[in-house]
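Okay, entry_9.csv now, which holds CSV, C-alpha atoms:
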chain,number,residue,atom,x,y,z
A,449,MET,CA,-9.3,-26.0,4.5
A,450,LYS,CA,-6.1,-24.3,3.5
A,451,PRO,CA,-6.5,-20.5,3.0
A,452,ALA,CA,-5.1,-18.6,0.0
A,453,ALA,CA,-1.4,-18.1,-0.4
A,454,SER,CA,0.5,-17.2,2.7
A,455,ALA,CA,-2.4,-17.7,5.1
A,456,ALA,CA,-2.2,-18.3,8.8
A,457,ILE,CA,-4.3,-18.8,11.8
A,458,ALA,CA,-3.9,-19.5,15.5
A,459,VAL,CA,-5.9,-20.9,18.4
A,460,CYS,CA,-6.7,-20.1,22.0
A,461,GLY,CA,-4.0,-21.4,24.3
A,462,LEU,CA,-2.2,-23.4,21.7
A,463,MET,CA,1.1,-21.6,21.9
A,464,ALA,CA,3.5,-21.5,24.8
A,465,VAL,CA,4.0,-18.2,26.5
A,466,CYS,CA,7.4,-16.7,25.8
A,467,SER,CA,9.4,-14.4,28.0
A,468,CYS,CA,11.1,-12.8,25.0
A,469,GLY,CA,10.3,-9.2,24.4
A,470,ARG,CA,9.6,-9.9,20.7
A,471,GLU,CA,6.7,-12.2,21.5
A,472,ALA,CA,3.7,-11.4,19.3
A,473,ARG,CA,0.2,-11.9,20.5
A,474,ILE,CA,-3.4,-11.8,19.2
A,475,ALA,CA,-6.0,-11.9,22.0
A,476,GLY,CA,-9.7,-11.2,22.5
A,477,THR,CA,-13.1,-12.8,22.1
A,478,LEU,CA,-15.0,-13.5,19.0
A,479,ASP,CA,-18.8,-14.1,18.6
A,480,THR,CA,-19.0,-17.4,16.7
A,481,GLU,CA,-22.7,-16.9,15.8
A,482,GLY,CA,-23.7,-20.4,16.6
A,483,GLN,CA,-20.6,-22.1,15.2
A,484,ASP,CA,-19.0,-24.7,17.5
A,485,SER,CA,-15.4,-23.9,16.6
A,486,LEU,CA,-13.0,-21.9,14.6
A,487,GLU,CA,-10.1,-23.2,12.5
A,488,VAL,CA,-6.7,-21.6,13.0
A,489,TYR,CA,-3.7,-21.6,10.7
A,490,ILE,CA,-0.3,-19.9,10.9
A,491,TYR,CA,2.0,-19.6,7.9
A,492,ASP,CA,5.4,-18.1,7.4
A,493,ALA,CA,4.6,-15.0,5.3
A,494,VAL,CA,7.6,-15.6,2.9
A,495,THR,CA,8.0,-19.3,2.6
A,496,ASN,CA,4.3,-20.1,3.1
A,497,ASP,CA,5.3,-23.0,5.4
A,498,LEU,CA,2.6,-24.0,7.8
A,499,ALA,CA,3.6,-23.3,11.3
A,500,LEU,CA,0.4,-24.3,13.1
A,501,LYS,CA,-3.0,-25.7,12.3
A,502,ASP,CA,-5.6,-26.2,15.1
A,503,THR,CA,-9.1,-25.6,16.3
A,504,ILE,CA,-10.6,-23.2,18.9
A,505,VAL,CA,-13.7,-24.6,20.6
A,506,ALA,CA,-16.5,-22.0,21.2
A,507,VAL,CA,-18.2,-21.8,24.6
A,508,ASN,CA,-21.7,-20.3,24.8
A,509,GLY,CA,-21.4,-18.8,21.3
A,510,ALA,CA,-18.0,-17.2,21.9
A,511,ALA,CA,-14.4,-18.2,21.3
A,512,ASP,CA,-11.5,-16.8,23.4
A,513,ILE,CA,-8.5,-16.1,21.3
A,514,ASP,CA,-5.0,-16.1,22.8
A,515,ILE,CA,-2.4,-16.6,20.0
A,516,ARG,CA,1.2,-16.2,21.0
A,517,ARG,CA,4.2,-16.5,18.7
A,518,ASP,CA,8.0,-16.1,19.2
A,519,ASP,CA,9.2,-15.7,15.7
A,520,ASP,CA,11.8,-13.3,14.2
A,521,ARG,CA,9.8,-13.3,11.0
A,522,MET,CA,6.5,-12.0,9.8
A,523,MET,CA,3.7,-14.5,10.1
A,524,PHE,CA,0.2,-14.7,8.5
A,525,VAL,CA,-2.6,-15.7,10.8
A,526,TYR,CA,-6.0,-16.8,9.6
A,527,ILE,CA,-9.0,-17.4,12.0
A,528,VAL,CA,-11.6,-19.2,9.9
A,529,PRO,CA,-15.2,-19.9,11.0
A,530,MET,CA,-16.1,-23.5,10.1
A,531,HIS,CA,-19.0,-22.4,7.9
A,532,GLN,CA,-17.0,-19.9,5.9
A,533,VAL,CA,-16.4,-21.0,2.3
A,534,THR,CA,-13.9,-18.3,1.3
A,535,ALA,CA,-10.7,-17.7,3.1
A,536,PRO,CA,-10.6,-14.4,5.1
A,537,SER,CA,-7.8,-11.9,4.6
A,538,PRO,CA,-4.7,-12.9,6.6
A,539,VAL,CA,-3.7,-11.1,9.8
A,540,PHE,CA,-0.2,-9.6,9.4
A,541,LEU,CA,1.6,-10.6,12.7
A,542,LEU,CA,5.0,-9.0,13.2
A,543,PRO,CA,7.4,-9.7,16.1
A,544,GLY,CA,6.4,-7.7,19.1
A,545,ASP,CA,2.8,-7.0,17.9
A,546,ARG,CA,0.1,-6.9,20.5
A,547,ILE,CA,-3.1,-7.2,18.5
A,548,ARG,CA,-6.6,-7.1,20.0
A,549,VAL,CA,-9.4,-8.9,18.2
A,550,SER,CA,-13.1,-8.4,18.7
A,551,GLY,CA,-16.5,-8.6,16.9
A,552,LYS,CA,-17.9,-11.5,14.9
A,553,ALA,CA,-15.9,-14.4,13.7
A,554,ASP,CA,-16.7,-13.9,10.0
A,555,SER,CA,-15.9,-10.2,10.2
A,556,PRO,CA,-13.4,-9.6,13.1
A,557,GLU,CA,-11.9,-6.3,14.0
A,558,PHE,CA,-8.2,-5.9,14.8
A,559,ARG,CA,-6.5,-3.1,16.8
A,560,GLY,CA,-3.2,-2.6,18.7
A,561,SER,CA,-0.5,-2.8,16.0
A,562,GLU,CA,0.8,-0.1,13.8
A,563,ILE,CA,-0.7,-1.7,10.8
A,564,TYR,CA,-4.2,-2.2,12.1
A,565,ASP,CA,-4.4,1.1,14.0
A,566,GLY,CA,-3.3,2.8,10.8
A,567,LEU,CA,-6.0,1.0,8.8
A,568,ALA,CA,-8.7,1.9,11.4
A,569,ALA,CA,-7.7,5.6,11.2
A,570,PHE,CA,-7.8,5.5,7.3
A,571,GLU,CA,-11.3,6.9,7.0
A,572,GLU,CA,-11.4,7.0,3.2
A,573,LEU,CA,-10.5,3.4,3.0
A,574,GLN,CA,-13.1,2.5,5.6
A,575,ALA,CA,-15.8,4.3,3.6
A,576,LEU,CA,-14.9,2.5,0.4
A,577,ASN,CA,-14.8,-0.8,2.2
A,578,ALA,CA,-18.3,-0.2,3.5
A,579,ARG,CA,-19.5,0.6,-0.1
A,580,MET,CA,-17.9,-2.5,-1.4
A,581,ASP,CA,-19.6,-4.6,1.3
A,582,THR,CA,-22.9,-3.2,0.3
A,583,LEU,CA,-22.1,-4.0,-3.3
A,584,PHE,CA,-21.3,-7.6,-2.4
A,585,LYS,CA,-24.6,-8.0,-0.6
A,586,LYS,CA,-26.4,-6.6,-3.6
A,587,ALA,CA,-24.6,-9.0,-5.9
A,588,GLU,CA,-25.6,-12.0,-3.8
A,589,LYS,CA,-29.3,-11.1,-4.3
A,590,LEU,CA,-29.1,-10.9,-8.1
A,591,ALA,CA,-30.6,-13.7,-10.1
A,592,GLU,CA,-28.3,-15.7,-12.3
A,593,ASN,CA,-30.1,-14.6,-15.4
A,594,ASP,CA,-30.0,-10.9,-14.5
A,595,ILE,CA,-27.3,-10.0,-17.0
A,596,ILE,CA,-28.0,-6.2,-16.9
A,597,GLY,CA,-27.8,-6.3,-13.1
A,598,GLN,CA,-24.6,-8.2,-13.1
A,599,GLN,CA,-23.0,-5.8,-15.6
A,600,SER,CA,-24.1,-2.9,-13.5
A,601,VAL,CA,-22.5,-4.4,-10.4
A,602,ASN,CA,-19.3,-5.3,-12.2
A,603,ALA,CA,-19.0,-1.7,-13.5
A,604,GLU,CA,-19.5,-0.3,-10.1
A,605,TYR,CA,-17.0,-2.8,-8.6
A,606,SER,CA,-14.4,-1.8,-11.2
A,607,SER,CA,-15.0,1.9,-10.4
A,608,LEU,CA,-14.6,1.3,-6.6
A,609,SER,CA,-11.5,-0.8,-7.1
A,610,ALA,CA,-9.9,2.0,-9.1
A,611,GLN,CA,-10.8,4.5,-6.4
A,612,MET,CA,-9.3,2.1,-3.8
A,613,ASP,CA,-6.1,1.9,-5.7
A,614,SER,CA,-5.8,5.6,-6.0
A,615,ILE,CA,-6.5,6.5,-2.3
A,616,CYS,CA,-4.1,3.7,-1.1
A,617,ALA,CA,-1.4,5.0,-3.4
A,618,GLN,CA,-1.9,8.5,-2.0
A,619,TYR,CA,-1.7,7.1,1.5
A,620,VAL,CA,1.7,5.6,0.8
A,621,LYS,CA,3.0,8.8,-0.7
A,622,ASP,CA,1.9,10.7,2.4
A,623,ASN,CA,3.0,8.0,4.9
A,624,PRO,CA,6.2,6.2,3.5
A,625,ASP,CA,7.5,5.4,7.0
A,626,ASN,CA,4.3,3.7,8.1
A,627,LEU,CA,3.9,-0.1,8.2
A,628,THR,CA,0.3,0.3,7.1
A,629,SER,CA,1.7,1.6,3.8
A,630,GLY,CA,3.7,-1.6,3.4
A,631,TYR,CA,0.5,-3.6,4.1
A,632,LEU,CA,-1.4,-1.6,1.4
A,633,THR,CA,1.1,-2.3,-1.3
A,634,ALA,CA,0.3,-6.0,-1.2
A,635,PHE,CA,-3.3,-5.3,-2.2
A,636,MET,CA,-2.9,-2.8,-5.0
A,637,THR,CA,-2.9,-3.4,-8.8
A,638,PRO,CA,0.5,-4.5,-10.0
A,639,SER,CA,1.7,-1.2,-11.5
A,640,THR,CA,0.4,1.0,-8.7
A,641,GLY,CA,1.7,-1.5,-6.1
A,642,LEU,CA,5.2,-1.5,-7.6
A,643,GLU,CA,5.3,2.3,-7.7
A,644,SER,CA,4.1,2.4,-4.1
A,645,TYR,CA,6.7,-0.1,-3.0
A,646,ASN,CA,9.4,2.1,-4.4
A,647,LEU,CA,8.2,5.0,-2.3
A,648,LEU,CA,8.4,3.1,1.0
A,649,SER,CA,11.2,4.2,3.3
A,650,SER,CA,14.1,2.1,4.5
A,651,THR,CA,12.3,2.0,7.9
A,652,VAL,CA,9.5,-0.1,6.3
A,653,LYS,CA,11.7,-2.1,3.9
A,654,GLU,CA,14.1,-3.0,6.7
A,655,SER,CA,11.4,-4.0,9.2
A,656,ALA,CA,10.2,-7.5,9.8
A,657,MET,CA,7.8,-7.0,7.0
A,658,GLY,CA,10.7,-6.2,4.6
A,659,GLU,CA,11.4,-9.7,3.2
A,660,PHE,CA,7.7,-10.2,2.5
A,661,LEU,CA,7.5,-6.8,0.7
A,662,ASP,CA,10.6,-7.6,-1.4
A,663,MET,CA,8.9,-10.8,-2.5
A,664,ILE,CA,5.7,-9.0,-3.4
A,665,ALA,CA,7.7,-6.4,-5.3
A,666,GLY,CA,9.4,-9.2,-7.3
A,667,ARG,CA,6.0,-10.7,-8.2
A,668,LEU,CA,4.6,-7.3,-9.2
A,669,THR,CA,7.7,-6.6,-11.3
A,670,ASP,CA,7.2,-9.9,-13.2
A,671,ILE,CA,3.5,-9.2,-13.7
A,672,VAL,CA,4.1,-5.6,-15.0
A,673,ALA,CA,6.9,-7.0,-17.3
A,674,ARG,CA,4.6,-9.7,-18.7
A,675,GLU,CA,1.8,-7.2,-19.3
A,676,ARG,CA,4.2,-4.8,-21.1
A,677,ASN,CA,5.6,-7.6,-23.3
A,678,LYS,CA,2.2,-8.9,-24.4
A,679,GLU,CA,2.3,-6.5,-27.4
A,680,ASN,CA,5.5,-8.1,-28.5
A,681,ILE,CA,4.2,-11.6,-28.3
A,682,GLN,CA,2.0,-11.4,-31.4
A,683,ALA,CA,2.0,-13.1,-34.8
A,684,GLY,CA,4.7,-11.7,-37.1
A,685,LYS,CA,6.8,-10.3,-34.2
A,686,PRO,CA,10.4,-11.6,-33.6
A,687,ALA,CA,10.4,-14.2,-30.9
A,688,PRO,CA,12.6,-13.2,-27.9
A,689,ASP,CA,15.9,-14.9,-27.6
A,690,PHE,CA,16.9,-17.0,-24.6
A,691,GLN,CA,19.7,-19.2,-23.3
A,692,LEU,CA,18.8,-22.3,-21.4
A,693,LYS,CA,20.5,-25.6,-20.4
A,694,GLY,CA,19.6,-28.8,-22.1
A,695,LEU,CA,19.7,-32.4,-20.8
A,696,ASP,CA,23.3,-32.6,-22.1
A,697,GLY,CA,24.4,-29.6,-20.0
A,698,LYS,CA,24.9,-27.4,-23.1
A,699,LYS,CA,23.4,-24.0,-23.6
A,700,TYR,CA,20.7,-23.6,-26.2
A,701,THR,CA,19.3,-20.3,-27.7
A,702,LEU,CA,16.5,-19.6,-30.1
A,703,GLU,CA,19.2,-19.4,-32.8
A,704,SER,CA,19.8,-23.1,-32.2
A,705,PHE,CA,16.5,-23.9,-33.9
A,706,ARG,CA,16.7,-21.3,-36.7
A,707,GLY,CA,15.9,-22.6,-40.2
A,708,LYS,CA,13.1,-24.9,-39.0
A,709,TYR,CA,9.7,-24.4,-37.3
A,710,ALA,CA,9.9,-24.6,-33.5
A,711,LEU,CA,7.2,-25.1,-30.9
A,712,LEU,CA,8.2,-23.8,-27.5
A,713,ASP,CA,6.2,-25.6,-24.7
A,714,PHE,CA,6.3,-23.9,-21.3
A,715,TRP,CA,5.4,-26.7,-18.9
A,716,GLY,CA,6.0,-28.3,-15.5
A,717,GLU,CA,5.5,-31.7,-13.9
A,718,TRP,CA,3.3,-29.9,-11.2
A,719,CYS,CA,0.9,-28.7,-14.0
A,720,TYR,CA,-2.0,-31.1,-14.4
A,721,TRP,CA,-3.0,-29.9,-17.9
A,722,CYS,CA,0.7,-29.9,-19.0
A,723,MET,CA,1.0,-33.6,-18.2
A,724,LYS,CA,-2.5,-34.4,-19.5
A,725,GLY,CA,-1.4,-33.1,-22.9
A,726,MET,CA,1.8,-35.0,-23.2
A,727,PRO,CA,0.3,-38.0,-25.1
A,728,ASP,CA,-1.0,-35.7,-27.8
A,729,MET,CA,2.4,-33.9,-27.9
A,730,LYS,CA,4.2,-37.2,-28.4
A,731,LYS,CA,1.7,-38.2,-31.1
A,732,TYR,CA,2.3,-35.0,-33.1
A,733,TYR,CA,6.1,-35.1,-32.5
A,734,GLU,CA,6.2,-38.5,-34.2
A,735,LYS,CA,4.0,-37.1,-37.0
A,736,TYR,CA,5.9,-33.9,-37.8
A,737,HIS,CA,9.3,-34.1,-36.1
A,738,SER,CA,11.1,-33.8,-39.4
A,739,GLN,CA,9.4,-30.5,-40.1
A,740,ILE,CA,9.2,-28.9,-36.7
A,741,GLU,CA,11.4,-28.9,-33.6
A,742,PHE,CA,9.5,-29.4,-30.3
A,743,VAL,CA,11.3,-27.5,-27.5
A,744,GLY,CA,10.1,-28.3,-23.9
A,745,ILE,CA,10.9,-25.5,-21.4
A,746,ASN,CA,10.5,-26.8,-17.9
A,747,CYS,CA,9.4,-24.3,-15.3
A,748,ARG,CA,9.2,-24.4,-11.5
A,749,ASP,CA,10.4,-28.0,-11.1
A,750,SER,CA,13.6,-29.0,-9.5
A,751,GLU,CA,16.2,-30.2,-12.0
A,752,GLU,CA,15.9,-33.7,-10.6
A,753,THR,CA,12.2,-33.7,-11.1
A,754,TRP,CA,12.6,-32.3,-14.6
A,755,ARG,CA,15.1,-35.0,-15.7
A,756,LYS,CA,13.1,-37.8,-14.1
A,757,THR,CA,9.9,-36.7,-15.8
A,758,VAL,CA,11.5,-36.4,-19.2
A,759,GLU,CA,12.9,-39.9,-18.9
A,760,GLU,CA,9.8,-41.5,-17.5
A,761,GLU,CA,7.3,-39.8,-19.9
A,762,GLY,CA,9.6,-40.5,-22.9
A,763,LEU,CA,9.7,-36.9,-24.1
A,764,ALA,CA,12.0,-37.4,-27.1
A,765,TRP,CA,12.2,-33.8,-28.2
A,766,THR,CA,14.6,-31.1,-27.1
A,767,ASN,CA,14.2,-30.4,-23.4
A,768,LEU,CA,15.5,-27.3,-21.7
A,769,TYR,CA,15.5,-26.3,-18.0
A,770,ASN,CA,14.3,-22.9,-16.7
A,771,GLY,CA,13.5,-23.7,-13.0
A,772,ASP,CA,12.3,-20.8,-11.0
A,773,GLU,CA,13.7,-18.1,-13.2
A,774,THR,CA,11.2,-15.6,-14.5
A,775,GLY,CA,13.1,-13.9,-17.3
A,776,ILE,CA,11.9,-16.0,-20.2
A,777,LEU,CA,8.4,-16.1,-18.8
A,778,ASN,CA,8.3,-12.3,-18.7
A,779,GLU,CA,9.7,-12.0,-22.2
A,780,TYR,CA,7.1,-14.4,-23.6
A,781,ALA,CA,4.3,-12.9,-21.4
A,782,VAL,CA,3.5,-16.4,-20.0
A,783,GLU,CA,0.6,-16.1,-17.6
A,784,GLY,CA,-0.6,-19.7,-17.6
A,785,PHE,CA,0.6,-23.3,-18.1
A,786,PRO,CA,0.9,-24.8,-20.5
A,787,THR,CA,1.7,-22.0,-23.0
A,788,LYS,CA,2.9,-23.1,-26.4
A,789,VAL,CA,4.5,-20.7,-28.9
A,790,LEU,CA,4.8,-21.6,-32.6
A,791,ILE,CA,7.8,-19.9,-34.3
A,792,ASP,CA,8.6,-19.9,-38.0
A,793,PRO,CA,12.0,-20.8,-39.5
A,794,GLU,CA,13.0,-17.0,-39.5
A,795,GLY,CA,12.4,-16.7,-35.8
A,796,LYS,CA,9.0,-14.9,-36.0
A,797,ILE,CA,6.0,-15.8,-33.9
A,798,VAL,CA,3.2,-17.6,-35.8
A,799,GLN,CA,0.7,-18.2,-33.0
A,800,VAL,CA,0.5,-18.5,-29.2
A,801,PHE,CA,-1.6,-21.2,-27.6
A,802,VAL,CA,-2.6,-20.9,-23.9
A,803,GLY,CA,-3.9,-24.0,-22.2
A,804,GLU,CA,-4.3,-27.5,-23.6
A,805,SER,CA,-6.7,-27.7,-26.6
A,806,GLU,CA,-7.1,-29.0,-30.1
A,807,GLU,CA,-6.4,-25.6,-31.6
A,808,LEU,CA,-2.7,-26.3,-31.6
A,809,TYR,CA,-2.9,-29.6,-33.3
A,810,THR,CA,-5.4,-28.3,-35.9
A,811,ALA,CA,-2.9,-25.5,-36.6
A,812,LEU,CA,-0.1,-28.0,-37.1
A,813,ASP,CA,-2.2,-30.2,-39.4
A,814,GLU,CA,-3.0,-27.1,-41.5
A,815,LEU,CA,0.6,-26.0,-41.5
A,816,PHE,CA,2.1,-29.3,-42.6

Written as structure tokens, how would this file's structure read?
Amino acid sequence: MKPAASAAIAVCGLMAVCSCGREARIAGTLDTEGQDSLEVYIYDAVTNDLALKDTIVAVNGAADIDIRRDDDRMMFVYIVPMHQVTAPSPVFLLPGDRIRVSGKADSPEFRGSEIYDGLAAFEELQALNARMDTLFKKAEKLAENDIIGQQSVNAEYSSLSAQMDSICAQYVKDNPDNLTSGYLTAFMTPSTGLESYNLLSSTVKESAMGEFLDMIAGRLTDIVARERNKENIQAGKPAPDFQLKGLDGKKYTLESFRGKYALLDFWGEWCYWCMKGMPDMKKYYEKYHSQIEFVGINCRDSEETWRKTVEEEGLAWTNLYNGDETGILNEYAVEGFPTKVLIDPEGKIVQVFVGESEELYTALDELF
């Protein structure tokens, strides 16, 4: 099992003791509630590289935890009961932390670091968490066909989430120098989280958590920009301009395709549905290439992978490289892959197609 992004866990006695004063440690005993063992993962919080994966064996229904790290970076630690289907929230482990863990393995309690002591003292947050736990248990008991009950739970959950966002944002305003505030920004809605990040003091931003917070802020900035730009990516609106490199090394802009219909295809070799749709794309390129320019915009692949895939798949249309840049994705409000944008000869958006479906090809047949 690999926990959600940037997860990490560690196991009893797996790490060597370090004499360095920056050694971080998580220690204590967890009630495994009949489970034979716990899985442990440790990930770099920024790169998401796996630093450790192992198992803690339980003895008489309890697992002794003694996780020690000597890193100059923030790490994510996950301690996962074998029976647990969903990944727990990661433990934020910073250099020098001394975290005590106790309670049950599927709902552990952490103390001893600035982050977790701050969370424990945040009474409003604890009260809301308790209400949400009750709501989750209520949802589990609902029958699948209880639509009214589900709608009621969803409405209550949305209300609690909004309250959670609000009280966490206020906490950050009141405690900009606290690492707990940095922790909370990672779990807020994008716009609130970004506002809260900007309130954090240099003490927090320059701490071992800083690089992770910068990364989160970058992601939140992209999400907010895409949400804002959605209203511009509508039929009849001018398509945003761009400048991207082609296979020949030359720069191409939207103006390069003016005077002819264009289909922008945001794709990547890593994207299963992008690649699954390539046979249909090739079929329709052969069918209509004299009337419309297909423009593949590769995202999140290395340049080597992009060039190799274009050649091996025989993608005969114009191919441009975007890599890991987010500018054009924000401008076109791209939230999923593949996303295809049909643009008329005057440079105005005709229609946006998210995902791989017959809708695009039906539209092309009707258009031509």

So that I can see what lies close to segment 688-705 of chain A, please list as a compact mmCIF listing (two decimals) with C-alpha atoms, in the frame of the given file the residues with an atom at most 10 Å from it, counting only C-alpha atoms and leaving out residues fewer than 3 positions away in the same chain.
# COMPACT_ATOMS: atom_id res chain seq x y z
CA ASN A 680 5.50 -8.10 -28.50
CA ILE A 681 4.20 -11.60 -28.30
CA LYS A 685 6.80 -10.30 -34.20
CA LYS A 708 13.10 -24.90 -39.00
CA TYR A 709 9.70 -24.40 -37.30
CA ALA A 710 9.90 -24.60 -33.50
CA LEU A 711 7.20 -25.10 -30.90
CA LEU A 712 8.20 -23.80 -27.50
CA ILE A 740 9.20 -28.90 -36.70
CA GLU A 741 11.40 -28.90 -33.60
CA PHE A 742 9.50 -29.40 -30.30
CA VAL A 743 11.30 -27.50 -27.50
CA GLY A 744 10.10 -28.30 -23.90
CA ILE A 745 10.90 -25.50 -21.40
CA GLU A 751 16.20 -30.20 -12.00
CA TRP A 754 12.60 -32.30 -14.60
CA ARG A 755 15.10 -35.00 -15.70
CA VAL A 758 11.50 -36.40 -19.20
CA THR A 766 14.60 -31.10 -27.10
CA ASN A 767 14.20 -30.40 -23.40
CA LEU A 768 15.50 -27.30 -21.70
CA TYR A 769 15.50 -26.30 -18.00
CA ASN A 770 14.30 -22.90 -16.70
CA GLY A 775 13.10 -13.90 -17.30
CA ILE A 776 11.90 -16.00 -20.20
CA GLU A 779 9.70 -12.00 -22.20
CA TYR A 780 7.10 -14.40 -23.60
CA ILE A 791 7.80 -19.90 -34.30
CA ASP A 792 8.60 -19.90 -38.00
CA PRO A 793 12.00 -20.80 -39.50
CA GLU A 794 13.00 -17.00 -39.50
CA GLY A 795 12.40 -16.70 -35.80
CA LYS A 796 9.00 -14.90 -36.00
CA ILE A 797 6.00 -15.80 -33.90

| field | Exercise: segment 658-671 of chain A partners within 10 Å, all atoms listed in the file, chain neighbours under 3 positions left out, as JSON, numbers by chain | value | {"A": [492, 493, 494, 495, 521, 522, 523, 627, 630, 631, 633, 634, 635, 636, 637, 638, 639, 640, 641, 642, 643, 644, 645, 646, 648, 650, 651, 652, 653, 654, 655, 674, 675, 676, 677, 774, 775, 777, 778, 779, 781, 782, 783]}

| Which distance in Å separates atom CA of Met612 of chain A and atom CA of Phe540 of chain A, to one decimal? | 19.8 Å

Extract, using all atoms listed in the file, all DNA, RNA and protein residues at most 9 Å from Leu576 of chain A, discarding same-chain residues fewer than 2 positions from it, and format them as a tab-separated table (two decimals) with C-alpha atoms, in the coordinates of the input.
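Dumped everything to around_36.tsv:
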chain	number	residue	atom	x	y	z
A	571	GLU	CA	-11.30	6.90	7.00
A	572	GLU	CA	-11.40	7.00	3.20
A	573	LEU	CA	-10.50	3.40	3.00
A	574	GLN	CA	-13.10	2.50	5.60
A	578	ALA	CA	-18.30	-0.20	3.50
A	579	ARG	CA	-19.50	0.60	-0.10
A	580	MET	CA	-17.90	-2.50	-1.40
A	581	ASP	CA	-19.60	-4.60	1.30
A	608	LEU	CA	-14.60	1.30	-6.60
A	609	SER	CA	-11.50	-0.80	-7.10
A	611	GLN	CA	-10.80	4.50	-6.40
A	612	MET	CA	-9.30	2.10	-3.80

| task | Give me, please, the distance in Å between atom CA of Lys735 of chain A and atom CA of Trp765 of chain A, quoted to one decimal. | result | 12.5 Å

| With all atoms listed in the file as the basis for distance, which of A:Leu478, A:Ile563, A:Ile595, A:Ile513 is at the shortest distance from Asp625 of chain A? |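 Distance minimum relative to Asp625 of chain A lands on A:Ile563.
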
| request: Check the smallest atom-to-atom distance from each of A:Cys616, A:Leu486, A:Asp749, A:Glu679 to Thr628 of chain A using all atoms listed in the file, then report the winner. | output: A:Cys616

| message | I'd like the interatomic distance between atom CA of Ala811 of chain A and atom CA of Ala687 of chain A, to a tenth of an Å. | response |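 For atom CA of Ala811 of chain A relative to atom CA of Ala687 of chain A, the distance reads 18.4 Å.
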
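Protein and nucleic acid residues near (-17.6, -7.1, 17.2) are A:Gly476, A:Thr477, A:Leu478, A:Asp479, A:Thr480, A:Glu481, A:Ala510, A:Arg548, A:Val549, A:Ser550, A:Gly551, A:Lys552, A:Ala553, A:Asp554, A:Ser555, A:Pro556, A:Glu557, A:Phe558, A:Arg559, the criterion being any atom at most 12 Å away using all atoms listed in the file.
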
| task | Pick out the closest residue to Lys730 of chain A from this set: A:Asp613, A:Asp484, A:Glu761, A:Asp545. Count all atoms listed in the file. | result |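 Of A:Asp613, A:Asp484, A:Glu761, A:Asp545, the one nearest Lys730 of chain A is A:Glu761, counting all atoms listed in the file.
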
| request: Return the single residue from A:Glu562, A:Asp518, A:Glu471, A:Asp813 that is closest to Tyr733 of chain A, with distances computed using only C-alpha atoms. | output: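 Comparing A:Glu562, A:Asp518, A:Glu471, A:Asp813 against Tyr733 of chain A, the winner is A:Asp813.
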
| said: Just checking: using all atoms listed in the file, which residue out of A:Thr582, A:Asn496, A:Asn746, A:Gln599 ends up closest to Gly771 of chain A? | reply: A:Asn746
